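Undergrad: One structure, as structure tokens, below. Some questions next.
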Amino acid sequence: MSRHVAIVTDSTAYLPPPAMERHGITAVPLTVVLGDQALEEGTEISARSLAQALQKRRSVTTSRPSPELFAETYRRVAESGATGIVSLHLSAEFSGTYDAAVLAAREAPVPVRVVDTGMVAMALGFCALAAAESAEAGGTVDEAVTAAEKRAAGTSAFFYVDTLDYLRRGGRIGAAQALFGSALAVKPLLQLDGGRIEMLEKVRTASRAIARLEEIVAERAAAGPVDIAVHHLAAPDRASALAERLRGRVSGLADLHVSEVGAVIGAHTGPGLLGVVVSPR
């Protein structure tokens with residue numbers, strides 16, 4: 001049984017399964033409540049099913065993992081030989097996941113450092129990868145945390161949504177901002193800022209908004225080397241086309257990931273989401 005620092009995250013990191021397996025990263029699932037059904041993200045509800053439910057205007061909410069689920073995960077990881085655990089999670093502004101992890105960490109059989117990264121999706125995933133690489137190089141819990149926090153500090157996330165209604169319903173953006181956008185029929189560009197979703201720009205059409213998103217990302221990624229993730233919900237062609245354009249524009253591109261977000265983030269953004277994470281190495 002190998003002794004090591006282990007990395008735990010949650011299902012909203014949307015890390016590619018091969019990367020999770022290669023680095024031994026464990027993801028604790030959040031829950032999507034569809035009508036009267038509580039379903040685990042990643043195993044019991046797909047992004048496609050979620051998009052269909054939203055399009056039919058079915059009731060969709062999300063909830064954090066329980067402290068008991070975190071406690072069980074920490075015990076299992078410790079039994080695999082971990083001498084310490086770094087537990088990295090989506091912004092506490094979005095979810096009580098961080099709080100649940102903190103509660104469970106107090107009773108864990110090995111030391112656990114719980115970190116609110118202020119991130120989500122592959123912005124969180126890149127932090128988990130940085131921590132895992134530090135641990136694999138023999139780093140301590142503190143060194144792995146430092147690596148994750150350094151990656152978070154340099155990472156940016158921008159996204160386009162067809163409508164602000166889903167973010168408004170979930171309380172992730174102010175009602176006044178959502179109403180303003182709807183009244184003017186603008187297409188919003190948003191960003192992660194301080195762990196919150198904030199309006200970045202308002203553009204008149206979807207095509208112009210996506211072109212502007214590309215420009216912003218190209219500018220932010222100009223220095224290189226940089227990893228980029230393109231996310232979408234029910235918009236694969238739009239995401240693939242943007243990824244190909246970025247591949248041609250970003251000279252210092254290291255890795256480029258294209259993936260559909262899971263049901264938890266999708267529930268708050270709605271179909272048509274197009275997001276880009278820029279993470280300098």
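Going through the structure tokens in order, the chains are called A, B, and so on, while each chain numbers its residues from 1 and the ligands are numbered from 1 in the order shown.
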Report the closest atom pair, with its distance in Å rounded to one decimal, for each residue of region 86-172 of chain A that has an atom no farther than 10 Å from region 202-215 of chain A; count only C-alpha atoms, sort by chain and then rising residue number, and write it as JSON lines.

TA:
{"residue": "A:Phe158", "atom": "CA", "partner": "A:Leu213", "partner_atom": "CA", "distance": 7.3}
{"residue": "A:Phe159", "atom": "CA", "partner": "A:Leu213", "partner_atom": "CA", "distance": 7.4}
{"residue": "A:Tyr160", "atom": "CA", "partner": "A:Ile210", "partner_atom": "CA", "distance": 7.1}
{"residue": "A:Val161", "atom": "CA", "partner": "A:Ala206", "partner_atom": "CA", "distance": 8.9}
{"residue": "A:Asp162", "atom": "CA", "partner": "A:Ala206", "partner_atom": "CA", "distance": 7.5}

Undergrad: Could you write out, as a ChimeraX atom specification, all the residues of region 17-210 of chain A that DSSP marks as strand (DSSP E or B)?

TA: /A:26-28,31-34,37-41,45,60-63,82-89,112-116,156-160,187-193,196-203

Undergrad: Find the spatial neighbours of Lys56 (chain A), counting only C-alpha atoms, within a cut-off of 12 Å - ignore same-chain residues fewer than 6 positions away - and output them as a CSV table (one decimal) with C-alpha atoms, in the first residue's frame.

TA:
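Everything below was put into around11.csv:
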chain,number,residue,atom,x,y,z
A,34,LEU,CA,-35.3,16.5,-11.0
A,35,GLY,CA,-38.9,16.7,-10.0
A,49,SER,CA,-31.2,14.4,-19.9
A,50,LEU,CA,-30.7,17.6,-18.0
A,270,GLY,CA,-29.3,26.3,-19.4
A,271,PRO,CA,-28.8,24.8,-22.9

Undergrad: Which one of A:Leu190, A:Ala38, A:Ala243, A:Leu88 sits closest to Thr117 (chain A) if you count only C-alpha atoms?

TA: A:Leu88

Undergrad: Just the number, please: distance in Å from CA of Thr12 (chain A) to CA of Arg58 (chain A), one decimal.

TA: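 Here the two named atoms are 21.6 Å from each other.
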
Undergrad: For region 39-47 of chain A, list every protein, DNA or RNA residue within 6 Å, evaluated using only C-alpha atoms, and leave out those in the same chain fewer than 3 positions away; present the list as a PyMOL selection string.

TA: chain A and resi 29-32+50+262-263

Undergrad: Give me the residues within 12 Å of Pro109 (chain A) as a ChimeraX atom specification, counting only C-alpha atoms and dropping any in the same chain fewer than 4 places off.

TA: /A:71-85,104-105

Undergrad: Those same residues - all heavy atoms - I'd like them written as a tab-separated table (two decimals), in the first residue's frame.

TA:
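Wrote it out as part-v9.tsv, contents follow:
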chain	number	residue	atom	x	y	z
A	71	ALA	N	-17.11	12.11	4.47
A	71	ALA	CA	-16.43	11.32	5.49
A	71	ALA	C	-16.11	9.92	4.97
A	71	ALA	O	-15.00	9.39	5.19
A	71	ALA	CB	-17.29	11.24	6.75
A	72	GLU	N	-17.07	9.33	4.27
A	72	GLU	CA	-16.85	8.00	3.69
A	72	GLU	C	-15.73	8.04	2.66
A	72	GLU	O	-14.88	7.15	2.60
A	72	GLU	CB	-18.15	7.54	3.04
A	72	GLU	CG	-18.05	6.19	2.33
A	72	GLU	CD	-19.33	5.87	1.57
A	72	GLU	OE1	-20.42	6.32	1.99
A	72	GLU	OE2	-19.22	5.18	0.54
A	73	THR	N	-15.71	9.09	1.85
A	73	THR	CA	-14.66	9.24	0.84
A	73	THR	C	-13.30	9.39	1.48
A	73	THR	O	-12.32	8.75	1.06
A	73	THR	CB	-14.96	10.45	-0.06
A	73	THR	OG1	-16.23	10.28	-0.70
A	73	THR	CG2	-13.87	10.64	-1.11
A	74	TYR	N	-13.20	10.23	2.51
A	74	TYR	CA	-11.91	10.43	3.18
A	74	TYR	C	-11.42	9.13	3.82
A	74	TYR	O	-10.22	8.82	3.78
A	74	TYR	CB	-12.02	11.53	4.24
A	74	TYR	CG	-12.31	12.91	3.69
A	74	TYR	CD1	-12.99	13.86	4.46
A	74	TYR	CD2	-11.91	13.28	2.41
A	74	TYR	CE1	-13.26	15.14	3.97
A	74	TYR	CE2	-12.18	14.55	1.91
A	74	TYR	CZ	-12.86	15.47	2.69
A	74	TYR	OH	-13.12	16.73	2.21
A	75	ARG	N	-12.34	8.37	4.41
A	75	ARG	CA	-11.94	7.07	5.01
A	75	ARG	C	-11.40	6.14	3.93
A	75	ARG	O	-10.36	5.47	4.13
A	75	ARG	CB	-13.13	6.43	5.72
A	75	ARG	CG	-13.46	7.03	7.08
A	75	ARG	CD	-14.40	6.12	7.87
A	75	ARG	NE	-15.69	5.94	7.18
A	75	ARG	CZ	-16.74	6.73	7.36
A	75	ARG	NH1	-16.65	7.78	8.17
A	75	ARG	NH2	-17.86	6.49	6.73
A	76	ARG	N	-12.11	6.07	2.82
A	76	ARG	CA	-11.69	5.16	1.75
A	76	ARG	C	-10.32	5.56	1.19
A	76	ARG	O	-9.47	4.71	0.92
A	76	ARG	CB	-12.75	5.16	0.65
A	76	ARG	CG	-12.50	4.13	-0.44
A	76	ARG	CD	-13.67	4.03	-1.39
A	76	ARG	NE	-13.81	5.23	-2.22
A	76	ARG	CZ	-14.78	6.12	-2.09
A	76	ARG	NH1	-15.71	5.96	-1.17
A	76	ARG	NH2	-14.82	7.18	-2.89
A	77	VAL	N	-10.12	6.86	1.00
A	77	VAL	CA	-8.85	7.34	0.46
A	77	VAL	C	-7.72	7.07	1.46
A	77	VAL	O	-6.62	6.66	1.07
A	77	VAL	CB	-8.96	8.84	0.12
A	77	VAL	CG1	-7.59	9.42	-0.21
A	77	VAL	CG2	-9.91	9.05	-1.06
A	78	ALA	N	-7.98	7.26	2.74
A	78	ALA	CA	-6.96	6.98	3.76
A	78	ALA	C	-6.61	5.51	3.78
A	78	ALA	O	-5.43	5.14	3.92
A	78	ALA	CB	-7.47	7.43	5.13
A	79	GLU	N	-7.60	4.65	3.60
A	79	GLU	CA	-7.35	3.20	3.60
A	79	GLU	C	-6.50	2.78	2.41
A	79	GLU	O	-5.86	1.72	2.44
A	79	GLU	CB	-8.68	2.44	3.60
A	79	GLU	CG	-9.40	2.51	4.95
A	79	GLU	CD	-10.84	2.02	4.87
A	79	GLU	OE1	-11.27	1.62	3.74
A	79	GLU	OE2	-11.53	2.05	5.90
A	80	SER	N	-6.48	3.61	1.35
A	80	SER	CA	-5.67	3.29	0.18
A	80	SER	C	-4.20	3.63	0.39
A	80	SER	O	-3.37	3.35	-0.47
A	80	SER	CB	-6.19	4.03	-1.05
A	80	SER	OG	-5.82	5.40	-0.99
A	81	GLY	N	-3.89	4.27	1.53
A	81	GLY	CA	-2.51	4.58	1.86
A	81	GLY	C	-2.19	6.05	1.95
A	81	GLY	O	-1.03	6.43	2.17
A	82	ALA	N	-3.18	6.91	1.78
A	82	ALA	CA	-2.92	8.35	1.85
A	82	ALA	C	-2.52	8.77	3.26
A	82	ALA	O	-3.15	8.37	4.24
A	82	ALA	CB	-4.16	9.12	1.41
A	83	THR	N	-1.48	9.58	3.34
A	83	THR	CA	-1.06	10.12	4.64
A	83	THR	C	-1.65	11.50	4.88
A	83	THR	O	-1.57	12.04	5.99
A	83	THR	CB	0.47	10.21	4.70
A	83	THR	OG1	0.92	11.01	3.59
A	83	THR	CG2	1.09	8.83	4.62
A	84	GLY	N	-2.21	12.09	3.84
A	84	GLY	CA	-2.86	13.39	3.93
A	84	GLY	C	-3.73	13.57	2.71
A	84	GLY	O	-3.53	12.91	1.67
A	85	ILE	N	-4.71	14.47	2.81
A	85	ILE	CA	-5.65	14.68	1.71
A	85	ILE	C	-5.81	16.18	1.46
A	85	ILE	O	-5.94	16.96	2.40
A	85	ILE	CB	-7.04	14.08	2.03
A	85	ILE	CG1	-6.94	12.56	2.21
A	85	ILE	CG2	-8.06	14.43	0.94
A	85	ILE	CD1	-8.21	11.92	2.77
A	104	ALA	N	-16.72	17.18	7.47
A	104	ALA	CA	-16.21	15.81	7.42
A	104	ALA	C	-14.73	15.74	7.73
A	104	ALA	O	-14.25	14.76	8.33
A	104	ALA	CB	-16.48	15.23	6.04
A	105	ALA	N	-13.98	16.75	7.35
A	105	ALA	CA	-12.53	16.74	7.54
A	105	ALA	C	-12.15	16.67	9.02
A	105	ALA	O	-11.09	16.13	9.37
A	105	ALA	CB	-11.90	17.97	6.89
